[in-house]
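For reference, the structure discussed in these notes is given below.
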Amino acid sequence: MFGTILNPSGEVLDYTFHAGAEGSRHIAVLGHGVTGNKDRPFVVALAEGLAAAGIHALRFSFAGNGASEGRFADATVSKEVEDLGAVLDALDGYSICYVGHSMGGAVGVLSRDERIHLLVSLAGMVHTHAFAEREFGEEVPDEGCMWDEPDCPLSRAYMDDMAQIDTVVRRGAEIVVPWLLVHGSEDDVVPIADSHDILARASDNAELVAIDGADHVFSEHAQVMVEKVVGWLQEQWA
């Protein structure tokens with residue numbers, strides 16, 4: 001529907017569109033986390049739930065992930081901010097909500113794109129440097145892999161970008177659009193403390209929904225997550 005989407009590096013970004021109500025100009029753009037892609041089960045479930053509620057949804061894979069062009073080793077938060085901008089370029093005339101999971105959540109916080117009218121962070125990564133050191137600090141960049149996955153090489157570019165960003169907590173205070181944070185109480189990849197940290201600096205437009213017992217990818221709680229996000233968007237776009 002939106003044709004070929006190219007990022008600033010000329011790489012084709014793979015996406016799937018889920019049509020909501022005919023004539024609607026509301027759309028949710030769904031971005032995934034590190035080592036993920038647009039086809040993660042909870043991402044698909046959210047897109048389907050949004051479409052069923054009449055809200056268009058577009059889920060896409062950042063460059064180097066899934067079926068998108070590019071090298072995984074080049075995928076950094078900063079580059080993914082540019083990928084997101086390329087997707088938004090294709091959505092002229094829509095009122096846009098960006099929904100980012102994990103590292104994709106950090107992408108949403110760092111994006112200053114005024115075309116994003118609503119923001120949702122799912123288990124959003126906040127302290128990027130701490131995350132990288134905690135999860136990958138024992139690996140040698142450009143030699144090791146993320147979580148022992150051979151298709152996910154750990155690059156120096158990734159580690160340097162995470163260190164340079166350090167944390168997005170200060171950017172939380174700069175977000176002026178309505179913002180929903182959703183986080184599982186049992187997340188052992190990005191602790192729910194990250195969401196509490198950034199919420200403490202955010203303005204009154206932000207709210208946190210904690211899902212009791214949920215892990216990082218909402219394995220047993222995907223439907224609850226979908227209901228929370230869909231309900232919030234319906235209220236915002238009523």
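To be explicit about the labels: the chains of the structure tokens are called A, B, and onward in the order shown, and within each one the residues are counted from 1, while ligands get numbers from 1 in the order they are shown.
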
Using only C-alpha atoms, determine which residues lie at most 12 Å from Thr76 in chain A, disregarding the query and same-chain residues fewer than 2 positions distant; provide the list as a PyMOL selection string.
chain A and resi 33-35+62-65+70-74+78-83+103-104+106-107+128+132+154-165

Using only C-alpha atoms, determine which residues lie at most 8 Å from Ala86 in chain A, disregarding the query and same-chain residues fewer than 3 positions distant; provide the list as a PDB file with N, CA and C atoms, in the first residue's frame.
```pdb
ATOM      1  N   ILE A   5       9.796   1.135   0.874  1.00  0.00           N
ATOM      2  CA  ILE A   5      10.320   2.081   1.861  1.00  0.00           C
ATOM      3  C   ILE A   5      11.825   1.897   1.952  1.00  0.00           C
ATOM      4  N   LEU A   6      12.563   2.955   1.670  1.00  0.00           N
ATOM      5  CA  LEU A   6      14.025   2.939   1.719  1.00  0.00           C
ATOM      6  C   LEU A   6      14.506   3.824   2.857  1.00  0.00           C
ATOM      7  N   ASN A   7      15.474   3.335   3.626  1.00  0.00           N
ATOM      8  CA  ASN A   7      16.076   4.184   4.658  1.00  0.00           C
ATOM      9  C   ASN A   7      17.133   5.081   4.024  1.00  0.00           C
ATOM     10  N   PRO A   8      17.734   6.007   4.777  1.00  0.00           N
ATOM     11  CA  PRO A   8      18.718   6.914   4.185  1.00  0.00           C
ATOM     12  C   PRO A   8      19.931   6.225   3.565  1.00  0.00           C
ATOM     13  N   GLU A  82      16.826   6.675  12.183  1.00  0.00           N
ATOM     14  CA  GLU A  82      16.729   7.060  10.782  1.00  0.00           C
ATOM     15  C   GLU A  82      15.772   6.137  10.029  1.00  0.00           C
ATOM     16  N   ASP A  83      15.809   4.833  10.341  1.00  0.00           N
ATOM     17  CA  ASP A  83      14.871   3.894   9.722  1.00  0.00           C
ATOM     18  C   ASP A  83      13.431   4.310  10.015  1.00  0.00           C
ATOM     19  N   ASP A  89       8.024   8.831   6.581  1.00  0.00           N
ATOM     20  CA  ASP A  89       7.959   9.539   5.299  1.00  0.00           C
ATOM     21  C   ASP A  89       6.875   8.960   4.394  1.00  0.00           C
ATOM     22  N   ALA A  90       6.627   7.643   4.545  1.00  0.00           N
ATOM     23  CA  ALA A  90       5.666   6.963   3.675  1.00  0.00           C
ATOM     24  C   ALA A  90       4.226   7.134   4.141  1.00  0.00           C
TER      25      ALA A  90
END
```

With distances taken over only C-alpha atoms, the candidate from A:Ala21, A:Val126, A:Ile116, A:Leu46 nearest Gly93 in chain A is A:Ile116

- request: Find the residues near Val189 in chain A: any atom within 9 Å, counting only C-alpha atoms, skip ones fewer than 2 places away on the same chain, and give them as a ChimeraX atom specification.
  value: /A:102,123,131,135,187,191,215-216

**Q.** strand (DSSP E) call set, DSSP backbone run, range 68-165 of chain A, as a ChimeraX atom specification
**A.** /A:95-101,116-122

Limited to N, CA and C atoms, could you put the picked residues into a file as a tab-separated table (two decimals), in the first residue's frame?
```
chain	number	residue	atom	x	y	z
A	95	SER	N	-2.40	10.35	11.16
A	95	SER	CA	-2.08	10.63	12.56
A	95	SER	C	-1.37	9.38	13.08
A	96	ILE	N	-0.15	9.54	13.57
A	96	ILE	CA	0.71	8.39	13.82
A	96	ILE	C	0.98	8.18	15.30
A	97	CYS	N	0.87	6.91	15.71
A	97	CYS	CA	1.38	6.47	17.00
A	97	CYS	C	2.55	5.54	16.73
A	98	TYR	N	3.67	5.79	17.36
A	98	TYR	CA	4.79	4.85	17.25
A	98	TYR	C	4.82	3.98	18.50
A	99	VAL	N	4.86	2.66	18.28
A	99	VAL	CA	4.94	1.69	19.37
A	99	VAL	C	6.29	0.96	19.25
A	100	GLY	N	7.17	1.17	20.22
A	100	GLY	CA	8.49	0.56	20.16
A	100	GLY	C	8.72	-0.41	21.30
A	101	HIS	N	9.22	-1.59	20.98
A	101	HIS	CA	9.53	-2.59	22.00
A	101	HIS	C	11.01	-2.60	22.31
A	116	ILE	N	5.07	12.08	14.95
A	116	ILE	CA	4.61	11.12	15.95
A	116	ILE	C	3.71	11.85	16.92
A	117	HIS	N	2.43	11.53	16.88
A	117	HIS	CA	1.44	12.22	17.70
A	117	HIS	C	1.19	11.53	19.03
A	118	LEU	N	1.44	10.22	19.07
A	118	LEU	CA	1.29	9.42	20.28
A	118	LEU	C	2.46	8.46	20.36
A	119	LEU	N	2.88	8.12	21.59
A	119	LEU	CA	4.04	7.25	21.77
A	119	LEU	C	3.70	6.14	22.75
A	120	VAL	N	4.10	4.91	22.40
A	120	VAL	CA	3.96	3.76	23.30
A	120	VAL	C	5.31	3.07	23.41
A	121	SER	N	5.73	2.81	24.64
A	121	SER	CA	6.96	2.07	24.90
A	121	SER	C	6.60	0.74	25.55
A	122	LEU	N	6.96	-0.37	24.89
A	122	LEU	CA	6.72	-1.70	25.43
A	122	LEU	C	8.04	-2.23	25.98
```

*asked:* When you look at Leu199 in chain A with a cut-off of 10 Å (counting only C-alpha atoms), what residues show up, excluding the ones that are within fewer than 3 positions of it in the same chain? I need them as number ranges by chain.
replied: A: 169, 172-173, 179-181, 193-196, 202-208

_Applying 12 Å and only C-alpha atoms, which residues near His56 in chain A remain after dropping the ones on its own chain fewer than 4 positions away? List them as number ranges by chain._
A: 1, 16-30, 46-52, 91, 94-98, 230, 233-234

Keeping only N, CA and C atoms, write the selected residues as an mmCIF file, in the first residue's frame.
```
data_model
loop_
_atom_site.group_PDB
_atom_site.id
_atom_site.type_symbol
_atom_site.label_atom_id
_atom_site.label_comp_id
_atom_site.auth_asym_id
_atom_site.auth_seq_id
_atom_site.Cartn_x
_atom_site.Cartn_y
_atom_site.Cartn_z
ATOM 1 N N MET A 1 0.833 -1.224 0.000
ATOM 2 C CA MET A 1 0.000 0.000 0.000
ATOM 3 C C MET A 1 0.854 1.255 0.000
ATOM 4 N N THR A 16 4.729 -5.002 6.990
ATOM 5 C CA THR A 16 3.410 -5.594 6.756
ATOM 6 C C THR A 16 2.364 -4.614 7.258
ATOM 7 N N PHE A 17 1.358 -4.365 6.426
ATOM 8 C CA PHE A 17 0.289 -3.433 6.770
ATOM 9 C C PHE A 17 -0.958 -4.211 7.145
ATOM 10 N N HIS A 18 -1.602 -3.810 8.240
ATOM 11 C CA HIS A 18 -2.865 -4.392 8.687
ATOM 12 C C HIS A 18 -3.927 -3.297 8.610
ATOM 13 N N ALA A 19 -4.889 -3.466 7.742
ATOM 14 C CA ALA A 19 -5.901 -2.432 7.524
ATOM 15 C C ALA A 19 -6.910 -2.407 8.664
ATOM 16 N N GLY A 20 -7.199 -1.209 9.140
ATOM 17 C CA GLY A 20 -8.231 -1.007 10.144
ATOM 18 C C GLY A 20 -9.518 -0.571 9.477
ATOM 19 N N ALA A 21 -10.203 0.375 10.076
ATOM 20 C CA ALA A 21 -11.474 0.847 9.528
ATOM 21 C C ALA A 21 -11.252 1.607 8.227
ATOM 22 N N GLU A 22 -12.122 1.367 7.262
ATOM 23 C CA GLU A 22 -12.023 2.056 5.978
ATOM 24 C C GLU A 22 -12.165 3.561 6.185
ATOM 25 N N GLY A 23 -11.263 4.302 5.580
ATOM 26 C CA GLY A 23 -11.298 5.749 5.675
ATOM 27 C C GLY A 23 -10.583 6.321 6.885
ATOM 28 N N SER A 24 -10.138 5.462 7.800
ATOM 29 C CA SER A 24 -9.432 5.951 8.986
ATOM 30 C C SER A 24 -8.073 6.526 8.600
ATOM 31 N N ARG A 25 -7.683 7.598 9.270
ATOM 32 C CA ARG A 25 -6.363 8.197 9.053
ATOM 33 C C ARG A 25 -5.503 8.044 10.294
ATOM 34 N N HIS A 26 -5.837 7.072 11.129
ATOM 35 C CA HIS A 26 -5.039 6.759 12.315
ATOM 36 C C HIS A 26 -4.230 5.494 12.054
ATOM 37 N N ILE A 27 -2.948 5.511 12.398
ATOM 38 C CA ILE A 27 -2.102 4.344 12.161
ATOM 39 C C ILE A 27 -1.076 4.200 13.276
ATOM 40 N N ALA A 28 -0.847 2.963 13.675
ATOM 41 C CA ALA A 28 0.194 2.647 14.653
ATOM 42 C C ALA A 28 1.349 1.975 13.925
ATOM 43 N N VAL A 29 2.533 2.477 14.135
ATOM 44 C CA VAL A 29 3.756 1.916 13.551
ATOM 45 C C VAL A 29 4.473 1.129 14.645
ATOM 46 N N LEU A 30 4.759 -0.144 14.372
ATOM 47 C CA LEU A 30 5.313 -1.027 15.384
ATOM 48 C C LEU A 30 6.772 -1.361 15.083
ATOM 49 N N LEU A 46 -0.328 -7.719 18.395
ATOM 50 C CA LEU A 46 -0.707 -6.325 18.606
ATOM 51 C C LEU A 46 -1.240 -5.706 17.324
ATOM 52 N N ALA A 47 -0.564 -5.966 16.207
ATOM 53 C CA ALA A 47 -1.023 -5.422 14.924
ATOM 54 C C ALA A 47 -2.425 -5.922 14.594
ATOM 55 N N GLU A 48 -2.668 -7.200 14.817
ATOM 56 C CA GLU A 48 -3.982 -7.771 14.530
ATOM 57 C C GLU A 48 -5.045 -7.201 15.464
ATOM 58 N N GLY A 49 -4.680 -7.009 16.737
ATOM 59 C CA GLY A 49 -5.623 -6.436 17.685
ATOM 60 C C GLY A 49 -5.981 -5.006 17.335
ATOM 61 N N LEU A 50 -5.008 -4.251 16.897
ATOM 62 C CA LEU A 50 -5.261 -2.864 16.500
ATOM 63 C C LEU A 50 -6.181 -2.818 15.287
ATOM 64 N N ALA A 51 -5.888 -3.647 14.287
ATOM 65 C CA ALA A 51 -6.711 -3.653 13.072
ATOM 66 C C ALA A 51 -8.147 -4.059 13.387
ATOM 67 N N ALA A 52 -8.298 -5.047 14.282
ATOM 68 C CA ALA A 52 -9.635 -5.494 14.664
ATOM 69 C C ALA A 52 -10.412 -4.377 15.353
ATOM 70 N N LEU A 91 4.030 7.753 5.306
ATOM 71 C CA LEU A 91 2.698 7.812 5.909
ATOM 72 C C LEU A 91 2.116 9.221 5.919
ATOM 73 N N TYR A 94 -1.364 10.791 7.736
ATOM 74 C CA TYR A 94 -1.872 9.974 8.842
ATOM 75 C C TYR A 94 -1.529 10.591 10.192
ATOM 76 N N SER A 95 -2.399 10.349 11.160
ATOM 77 C CA SER A 95 -2.076 10.627 12.560
ATOM 78 C C SER A 95 -1.375 9.376 13.082
ATOM 79 N N ILE A 96 -0.152 9.539 13.572
ATOM 80 C CA ILE A 96 0.712 8.391 13.821
ATOM 81 C C ILE A 96 0.977 8.177 15.299
ATOM 82 N N CYS A 97 0.871 6.911 15.706
ATOM 83 C CA CYS A 97 1.382 6.465 17.002
ATOM 84 C C CYS A 97 2.545 5.537 16.731
ATOM 85 N N TYR A 98 3.673 5.787 17.360
ATOM 86 C CA TYR A 98 4.787 4.846 17.255
ATOM 87 C C TYR A 98 4.817 3.982 18.500
ATOM 88 N N VAL A 230 -4.460 -1.145 22.872
ATOM 89 C CA VAL A 230 -5.625 -0.833 22.040
ATOM 90 C C VAL A 230 -6.583 0.093 22.788
ATOM 91 N N LEU A 233 -5.178 3.651 22.952
ATOM 92 C CA LEU A 233 -5.240 4.343 21.663
ATOM 93 C C LEU A 233 -6.679 4.731 21.322
ATOM 94 N N GLN A 234 -7.612 3.880 21.644
ATOM 95 C CA GLN A 234 -9.010 4.223 21.383
ATOM 96 C C GLN A 234 -9.411 5.463 22.166
#
```

Pairwise distance, CA of Ala210 in chain A with CA of Gly31 in chain A, equals 20.0 Å

Have a look at A:His32, A:Arg171, A:His183, A:Lys38 and name the one nearest to Lys228 in chain A; count only C-alpha atoms.
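Using only C-alpha atoms, the shortest distance to Lys228 in chain A belongs to A:His183.
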
Shell around Pro41 in chain A at 9 Å using only C-alpha atoms, local window under 5 positions removed, as a ChimeraX atom specification: /A:46,217,219,222

Self-check item: Backbone-only DSSP, alpha helix (DSSP H) members of range 4-222 of chain A, as a ChimeraX atom specification
Solution: /A:41-52,77-89,103-110,128-136,156-165,192-201,222

With distances taken over only C-alpha atoms, the candidate from A:Glu139, A:Tyr15, A:Asp166, A:Gly36 nearest Ala57 in chain A is A:Tyr15

note - CA of Leu88 in chain A and CA of Gly105 in chain A are separated by 15.9 Å

Item checked: Atomic distance CA of Val190 in chain A - CA of Met146 in chain A, expressed in Å with one decimal ->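 So the two atoms, CA of Val190 in chain A and CA of Met146 in chain A, lie 15.1 Å apart.
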